[in-house]
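Let me begin by presenting the structure, written as structure tokens, before commenting on it.
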Amino acid sequence: MIKMEHVSKTYQTGMPALNDINIHIRPGEFAFITGTSGSGKSTIIKLLLDELKPTKGKILVNGKNLSKISHRNIPYYRRNIGVVFQDFRLLQDRNVYENVAFALKVVEATNRRIKKAVPEILSTVGLAPKYRSFPKQLSGGEQQRVAIARALVNQPKILLADEPTGNLDDRNGWEIMRLLEDINKKGTTVVVVTHNMEFVKKMNKRVITIRKGQVVSDVEPTEEF
Amino acid sequence: MKISSFFYSLKQGFKSIWRNKMFSLASIATMAACIFLFGVFYSLGVNFSRMVDSAEESIAITVFFNEGISDQQIKDIGKKIEKRPEVSSYKFVSAEEAWESAKKDFFKGNDEVAASFADDNPMANSANYQIFMKDVSRQETLVKYLQKVDGVRQVNQSQVAAKTLTDLSKLLSIIFVAIILILIAVAVFLISNTITVGISVRKEEIAIMKLIGAKDSFVRAPFIVEGVVIGLIGSGIPVVLLWFMYQNIVRYIAAKFQFLSNIINFVPEGTVFKVLVPISLALGVGIGYIGSRVTLHRHLNV
Ligand SMILES: Nc1ncnc2c1ncn2[C@@H]1O[C@H](COP(=O)(O)OP(=O)(O)OP(=O)(O)O)[C@@H](O)[C@H]1O
Ligand SMILES: [Mg+2]
């Protein structure tokens with residue numbers, strides 16, 4: 001599903017962010033990527049979104065070689081990947097419903113599909129009753145749910161989350177983690193970047209640890225009894 | 001693009017114009033000034049060139065013949081004149097006709113003086129061809145040619161300053177083009193600034209759109225709408241204004257300066273605006289479109 005082979009990334013500043021990374025994430029997996037600040041976690045997410053091009057190496061996502069996707073086709077590629085961030089990135093001037101519908105508008109979905117899909121996904125993330133609220137009127141956890149709903153409404157095969165709980169307290173953080181787990185159980189491949197070791201330890205998922213741009217450990221979940 | 005996306009982009013475009021009212025207004029105003037001046041120049045231009053045309057029609061070259069020339073020779077000269085491409089028309093004026101016309105011009109009210117010449121036409125040698133030009137700028141060439149033709153004694157050019165008129169209209173059109181170009185540049189610059197502000201206001205939204213998988217055309221569309229709408233409003237207003245002004249000024253001058261009615265013969269507004277309206281709107285929309293397209297490419301790489 002996601003395959004990074006000997007991937008290196010050096011920013012234009014000369015800063016080497018990733019150095020010969022090899023990661024293979026299988027379909028339906030839930031994987032944490034963890035590591036200290038500046039280790040290169042967000043750089044991995046950006047490479048997977050085709051926002052950045054690797055300096056070296058090959059990236060395959062959904063069987064597609066990212067270096068072979070033309071500029072024109074990047075939007076179509078991205079429609080198969082949902083992404084959420086630490087700071088939610090919601091549109092402040094639009095309510096919950098509109099924020100989620102936006103993701104479908106942007107891919108030129110029919111109004112019929114929008115009317116059907118948005119309420120569905122909002123109830124999946126538990127926000128159906130608040131569909132008319134504006135981001136400012138919601139808690140951080142709720143805002144992140146909206147962001148997750150927006151990322152999922154287009155039914156992507158992969159969900160990438162860069163520090164999704166970074167701005168949340170423990171309780172809200174756990175709720176988001178549980179939600180991501182549920183989403184994964186329904187078949188979506190989920191990759192979560194975090195440096196909250198509490199979640200990492202208790203969730204029993206695959207953990208890929210990055211340090212100074214290199215994979216220093218890649219631990220599969222222990223068998224559940 | 002789907003019809004629902006089209007309406008979405010339209011709505012976003014209008015929103016953007018509204019959200020950044022001051023810049024939009026400045027762009028519309030510049031655009032309007034640009035189109036207005038264009039319209040003024042155009043209206044003046046067509047009227048001026050009609051005046052030049054009618055002046056050209058009245059400008060004639062007169063060709064006099066050697067004494068004792070035969071009718072056949074005169075006919076031959078006529079044929080040569082006819083072949084020249086710069087000639088629009090020519091006519092033969094006999095000595096008698098020349099005298100009649102001269103009498104009218106010079107001896108108005110002095111019939112007795114005129115009558116004293118009665119038996120002895122003082123203009124016995126003044127039979128001539130009057131030539132009307134298609135193109136005044138080539139008058140000199142024709143005169144030089146005619147002077148060398150056999151049997152031609154003298155070539156007179158009417159001294160209505162043909163050259164001055166053509167030179168003046170050339171100069172005016174150069175000034176006209178220069179001013180319009182400067183104004184277009186200013187309008188493009190302002191629209192570009194407006195779009196830049198629009199982009200920076202919506203930077204977050206655009207970043208999200210791109211991450212979610214919006215095509216470039218979808219990201220662009222609201223800004224193109226913004227530019228084109230500014231262009232349309234900015235050209236529509238001055239066109240309407242010009243329409244009223246033109247009608248009123250023509251009417252005013254016609255009423256106030258009736259004695260000029262032979263000289264000044266205005267081009268009817270229908271004829272002027274049939275051309276002016278589509279050109280102005282196309283110019284407005286074109287400037288708006290290009291302004292936003294260029295800006296988008298520079299700032300968003302879309
Ligand atoms: N646009 C950029 N230009 C230059 N250097 C960059 C850029 N983005 C990141 N870097 C550098 O690349 C390295 C990796 O950055 P990255 O954002 O991937 O780290 P991270 O693991 O996500 O850190 P954090 O946990 O703080 O988010 C850092 O040293 C950072 O300074
Ligand atoms: Mg990061």
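Residues are named by chain letter and number: chains run A, B, ... in the order of the structure tokens, numbers start at 1 in each chain, and ligands are numbered from 1 in the order shown.
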Using only C-alpha atoms and all ligand atoms, which residues of chain A come within 8 Å of ligand 2, and what is the closest atom pair for each, with the distance in Å to one decimal? Give it as CSV, sorted by chain and residue number.
```
residue,atom,partner,partner_atom_place_in_ligand_line,distance
A:Ser37,CA,ligand 2,1 (Mg),7.0
A:Gly38,CA,ligand 2,1 (Mg),6.9
A:Gly40,CA,ligand 2,1 (Mg),7.1
A:Lys41,CA,ligand 2,1 (Mg),5.6
A:Ser42,CA,ligand 2,1 (Mg),4.0
A:Thr43,CA,ligand 2,1 (Mg),7.2
A:Asp162,CA,ligand 2,1 (Mg),6.7
A:Glu163,CA,ligand 2,1 (Mg),7.2
A:Val193,CA,ligand 2,1 (Mg),8.0
```
Next on the checklist: Which residues are close to stretch 197-208 of chain B, i.e. within 9 Å by only C-alpha atoms, leaving aside same-chain residues fewer than 3 positions away? Reply as a ChimeraX atom specification.
Outcome noted: /A:89-91,103 /B:16-17,19-20,23,192-194,211-214,219,223,296,299-300
Checklist entry - Can you list every residue in stretch 44-239 of chain B that DSSP puts in strand (DSSP E or B), as number ranges by chain? => result B: 60-65, 87-93, 128-133, 152-157
Next on the checklist: According to DSSP computed on the backbone, where in stretch 146-189 of chain A is there helix (DSSP H, G or I)? Give the residues as a PyMOL selection string.
Outcome noted: chain A and resi 146-152+170-185
Would you mind exporting N, CA and C atoms of the selected residues as a PDB file, in the first residue's frame?
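Once everything was written out, this is out-v3.pdb:
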```pdb
ATOM      1  N   VAL A 146     -14.143  16.962  12.982  1.00  0.00           N
ATOM      2  CA  VAL A 146     -14.593  17.562  11.720  1.00  0.00           C
ATOM      3  C   VAL A 146     -13.516  17.350  10.662  1.00  0.00           C
ATOM      4  N   ALA A 147     -12.273  17.587  11.065  1.00  0.00           N
ATOM      5  CA  ALA A 147     -11.165  17.422  10.117  1.00  0.00           C
ATOM      6  C   ALA A 147     -11.079  15.974   9.629  1.00  0.00           C
ATOM      7  N   ILE A 148     -11.304  15.045  10.560  1.00  0.00           N
ATOM      8  CA  ILE A 148     -11.264  13.634  10.171  1.00  0.00           C
ATOM      9  C   ILE A 148     -12.428  13.316   9.222  1.00  0.00           C
ATOM     10  N   ALA A 149     -13.595  13.864   9.542  1.00  0.00           N
ATOM     11  CA  ALA A 149     -14.752  13.652   8.662  1.00  0.00           C
ATOM     12  C   ALA A 149     -14.446  14.189   7.270  1.00  0.00           C
ATOM     13  N   ARG A 150     -13.828  15.357   7.223  1.00  0.00           N
ATOM     14  CA  ARG A 150     -13.492  15.950   5.930  1.00  0.00           C
ATOM     15  C   ARG A 150     -12.506  15.072   5.168  1.00  0.00           C
ATOM     16  N   ALA A 151     -11.544  14.497   5.922  1.00  0.00           N
ATOM     17  CA  ALA A 151     -10.537  13.658   5.280  1.00  0.00           C
ATOM     18  C   ALA A 151     -11.142  12.354   4.753  1.00  0.00           C
ATOM     19  N   LEU A 152     -12.205  11.896   5.407  1.00  0.00           N
ATOM     20  CA  LEU A 152     -12.749  10.581   5.062  1.00  0.00           C
ATOM     21  C   LEU A 152     -13.941  10.614   4.119  1.00  0.00           C
ATOM     22  N   ASP A 170      -5.663  14.931  27.161  1.00  0.00           N
ATOM     23  CA  ASP A 170      -5.642  13.470  27.138  1.00  0.00           C
ATOM     24  C   ASP A 170      -6.983  12.845  26.759  1.00  0.00           C
ATOM     25  N   ARG A 171      -8.030  13.372  27.390  1.00  0.00           N
ATOM     26  CA  ARG A 171      -9.345  12.767  27.171  1.00  0.00           C
ATOM     27  C   ARG A 171      -9.738  12.880  25.686  1.00  0.00           C
ATOM     28  N   ASN A 172      -9.623  14.118  25.177  1.00  0.00           N
ATOM     29  CA  ASN A 172      -9.948  14.329  23.764  1.00  0.00           C
ATOM     30  C   ASN A 172      -8.997  13.560  22.845  1.00  0.00           C
ATOM     31  N   GLY A 173      -7.715  13.501  23.263  1.00  0.00           N
ATOM     32  CA  GLY A 173      -6.721  12.768  22.488  1.00  0.00           C
ATOM     33  C   GLY A 173      -7.100  11.300  22.348  1.00  0.00           C
ATOM     34  N   TRP A 174      -7.499  10.742  23.482  1.00  0.00           N
ATOM     35  CA  TRP A 174      -7.904   9.330  23.448  1.00  0.00           C
ATOM     36  C   TRP A 174      -9.114   9.103  22.558  1.00  0.00           C
ATOM     37  N   GLU A 175     -10.045  10.029  22.609  1.00  0.00           N
ATOM     38  CA  GLU A 175     -11.240   9.877  21.769  1.00  0.00           C
ATOM     39  C   GLU A 175     -10.873   9.867  20.288  1.00  0.00           C
ATOM     40  N   ILE A 176      -9.940  10.743  19.955  1.00  0.00           N
ATOM     41  CA  ILE A 176      -9.501  10.780  18.549  1.00  0.00           C
ATOM     42  C   ILE A 176      -8.795   9.480  18.187  1.00  0.00           C
ATOM     43  N   MET A 177      -7.944   8.993  19.094  1.00  0.00           N
ATOM     44  CA  MET A 177      -7.237   7.735  18.827  1.00  0.00           C
ATOM     45  C   MET A 177      -8.217   6.579  18.638  1.00  0.00           C
ATOM     46  N   ARG A 178      -9.257   6.540  19.490  1.00  0.00           N
ATOM     47  CA  ARG A 178     -10.276   5.488  19.365  1.00  0.00           C
ATOM     48  C   ARG A 178     -10.989   5.595  18.019  1.00  0.00           C
ATOM     49  N   LEU A 179     -11.275   6.823  17.641  1.00  0.00           N
ATOM     50  CA  LEU A 179     -11.954   7.048  16.357  1.00  0.00           C
ATOM     51  C   LEU A 179     -11.077   6.557  15.198  1.00  0.00           C
ATOM     52  N   LEU A 180      -9.784   6.885  15.278  1.00  0.00           N
ATOM     53  CA  LEU A 180      -8.876   6.452  14.214  1.00  0.00           C
ATOM     54  C   LEU A 180      -8.802   4.919  14.168  1.00  0.00           C
ATOM     55  N   GLU A 181      -8.843   4.318  15.334  1.00  0.00           N
ATOM     56  CA  GLU A 181      -8.814   2.853  15.409  1.00  0.00           C
ATOM     57  C   GLU A 181     -10.067   2.259  14.742  1.00  0.00           C
ATOM     58  N   ASP A 182     -11.217   2.863  15.053  1.00  0.00           N
ATOM     59  CA  ASP A 182     -12.473   2.394  14.436  1.00  0.00           C
ATOM     60  C   ASP A 182     -12.405   2.503  12.911  1.00  0.00           C
ATOM     61  N   ILE A 183     -11.899   3.638  12.471  1.00  0.00           N
ATOM     62  CA  ILE A 183     -11.802   3.869  11.023  1.00  0.00           C
ATOM     63  C   ILE A 183     -10.915   2.799  10.392  1.00  0.00           C
ATOM     64  N   ASN A 184      -9.822   2.487  11.079  1.00  0.00           N
ATOM     65  CA  ASN A 184      -8.909   1.454  10.596  1.00  0.00           C
ATOM     66  C   ASN A 184      -9.599   0.087  10.546  1.00  0.00           C
ATOM     67  N   LYS A 185     -10.419  -0.167  11.556  1.00  0.00           N
ATOM     68  CA  LYS A 185     -11.121  -1.464  11.601  1.00  0.00           C
ATOM     69  C   LYS A 185     -12.071  -1.617  10.423  1.00  0.00           C
TER      70      LYS A 185
END
```
Next on the checklist: I'd like the neighbourhood of A:Pro16 as a ChimeraX atom specification, where a residue qualifies if any of its atoms comes within 12 Å (using only C-alpha atoms), though same-chain residues fewer than 4 positions away should be ignored.
Outcome noted: /A:7-12,20,38-40,43,54-56,212-214
Next on the checklist: Using only C-alpha atoms, I'd like every residue of chain A that has an atom within 8 Å of chain B; please write them out as a list of chain:residue names.
Outcome noted: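 Only these qualify: A:Leu49, A:Arg72, A:Ile74, A:Pro75, A:Tyr76, A:Tyr77, A:Arg78, A:Arg79, A:Gly82, A:Val83, A:Arg89, A:Leu91, A:Ala103, A:Lys105, A:Val106, A:Val107, A:Glu108, A:Thr110, A:Asn111, A:Ala151.
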Output N, CA and C atoms of each residue in that selection to a file, as a compact mmCIF listing (two decimals), in the first residue's frame.
```txt
# COMPACT_ATOMS: atom_id res chain seq x y z
N LEU A 49 2.14 12.77 0.37
CA LEU A 49 1.10 13.59 -0.26
C LEU A 49 1.55 14.15 -1.61
N ARG A 72 -0.52 17.33 -13.50
CA ARG A 72 -1.96 17.32 -13.77
C ARG A 72 -2.69 16.27 -12.95
N ILE A 74 -1.75 14.90 -10.00
CA ILE A 74 -1.57 14.93 -8.55
C ILE A 74 -2.92 15.05 -7.82
N PRO A 75 -3.84 15.96 -8.27
CA PRO A 75 -5.12 16.03 -7.57
C PRO A 75 -5.84 14.69 -7.50
N TYR A 76 -5.83 13.95 -8.60
CA TYR A 76 -6.53 12.66 -8.60
C TYR A 76 -5.86 11.68 -7.65
N TYR A 77 -4.54 11.75 -7.59
CA TYR A 77 -3.80 10.90 -6.66
C TYR A 77 -4.21 11.23 -5.22
N ARG A 78 -4.27 12.53 -4.92
CA ARG A 78 -4.55 12.93 -3.53
C ARG A 78 -5.95 12.56 -3.07
N ARG A 79 -6.85 12.37 -4.02
CA ARG A 79 -8.22 12.02 -3.63
C ARG A 79 -8.28 10.64 -2.98
N GLY A 82 -6.56 10.59 2.64
CA GLY A 82 -7.11 11.60 3.54
C GLY A 82 -5.99 12.07 4.46
N VAL A 83 -6.05 13.32 4.89
CA VAL A 83 -4.99 13.81 5.77
C VAL A 83 -5.56 14.74 6.82
N ARG A 89 -6.91 22.76 10.61
CA ARG A 89 -7.05 23.41 9.30
C ARG A 89 -8.49 23.42 8.78
N LEU A 91 -12.00 25.61 7.81
CA LEU A 91 -12.33 26.94 7.30
C LEU A 91 -13.21 27.62 8.35
N ALA A 103 -14.88 19.31 1.01
CA ALA A 103 -14.00 18.29 0.46
C ALA A 103 -14.62 17.61 -0.75
N LYS A 105 -17.10 19.18 -2.65
CA LYS A 105 -17.24 20.26 -3.65
C LYS A 105 -15.98 20.37 -4.48
N VAL A 106 -14.86 20.34 -3.76
CA VAL A 106 -13.57 20.53 -4.38
C VAL A 106 -13.26 19.43 -5.41
N VAL A 107 -13.77 18.22 -5.16
CA VAL A 107 -13.55 17.17 -6.15
C VAL A 107 -14.74 17.07 -7.12
N GLU A 108 -15.56 18.10 -7.09
CA GLU A 108 -16.67 18.23 -8.02
C GLU A 108 -17.66 17.06 -7.94
N THR A 110 -21.34 15.44 -7.08
CA THR A 110 -22.70 15.96 -7.31
C THR A 110 -23.31 16.37 -5.98
N ASN A 111 -24.27 17.31 -6.07
CA ASN A 111 -24.95 17.76 -4.85
C ASN A 111 -25.64 16.60 -4.16
N ALA A 151 -11.54 14.50 5.92
CA ALA A 151 -10.54 13.66 5.28
C ALA A 151 -11.14 12.35 4.75
```
Checklist entry - Can you tell me, as an NGL selection string, what residues are no more than 6 Å from stretch 266-283 of chain B when counting only C-alpha atoms, ignoring any on the same chain fewer than 4 positions away? => result :B and (47 or 235 or 287)
Kindly export the residues of the current selection with C-alpha atoms, as a JSON list (two decimals), in the first residue's frame.
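Listing of part37.json after writing:
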```
[["chain", "number", "residue", "atom", "x", "y", "z"],
["B", 47, "ASN", "CA", -15.53, 61.19, -36.31],
["B", 235, "SER", "CA", -16.04, 48.14, -18.96],
["B", 287, "ILE", "CA", -7.56, 42.36, -19.12]]
```
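Relative to atom CA of A:Thr13, atom CA of A:Asn167 is found at 28.7 Å.
Separating atom CA of A:Lys201 from atom CA of A:Val216 is a distance of 17.0 Å.
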Checklist outcome for this item: Computed gap from atom CA of A:Arg113 to atom CA of A:Gly141 is 26.7 Å
Just the residues within 8 Å of A:Phe30, please, counting only C-alpha atoms, with nothing from its chain fewer than 6 positions along; format it as a short mmCIF file (atom, residue, chain, number, x, y, z; two decimals) with C-alpha atoms, in the first residue's frame.
```cif
data_model
loop_
_atom_site.label_atom_id
_atom_site.label_comp_id
_atom_site.auth_asym_id
_atom_site.auth_seq_id
_atom_site.Cartn_x
_atom_site.Cartn_y
_atom_site.Cartn_z
CA GLU A 181 -8.81 2.85 15.41
CA ASN A 184 -8.91 1.45 10.60
CA THR A 189 -5.04 2.10 6.20
CA VAL A 190 -4.08 4.56 8.94
CA VAL A 191 -0.69 6.17 9.55
CA VAL A 192 -0.42 8.35 12.66
CA LYS A 205 0.08 -1.02 17.00
CA ARG A 206 3.03 -1.11 14.72
#
```
Checklist entry - Contacts of B:Ile74 at 10 Å or less, counting only C-alpha atoms, minus same-chain residues fewer than 2 places along, as number ranges by chain? => result B: 64-66, 69-72, 76-79, 92, 127-129, 150-152
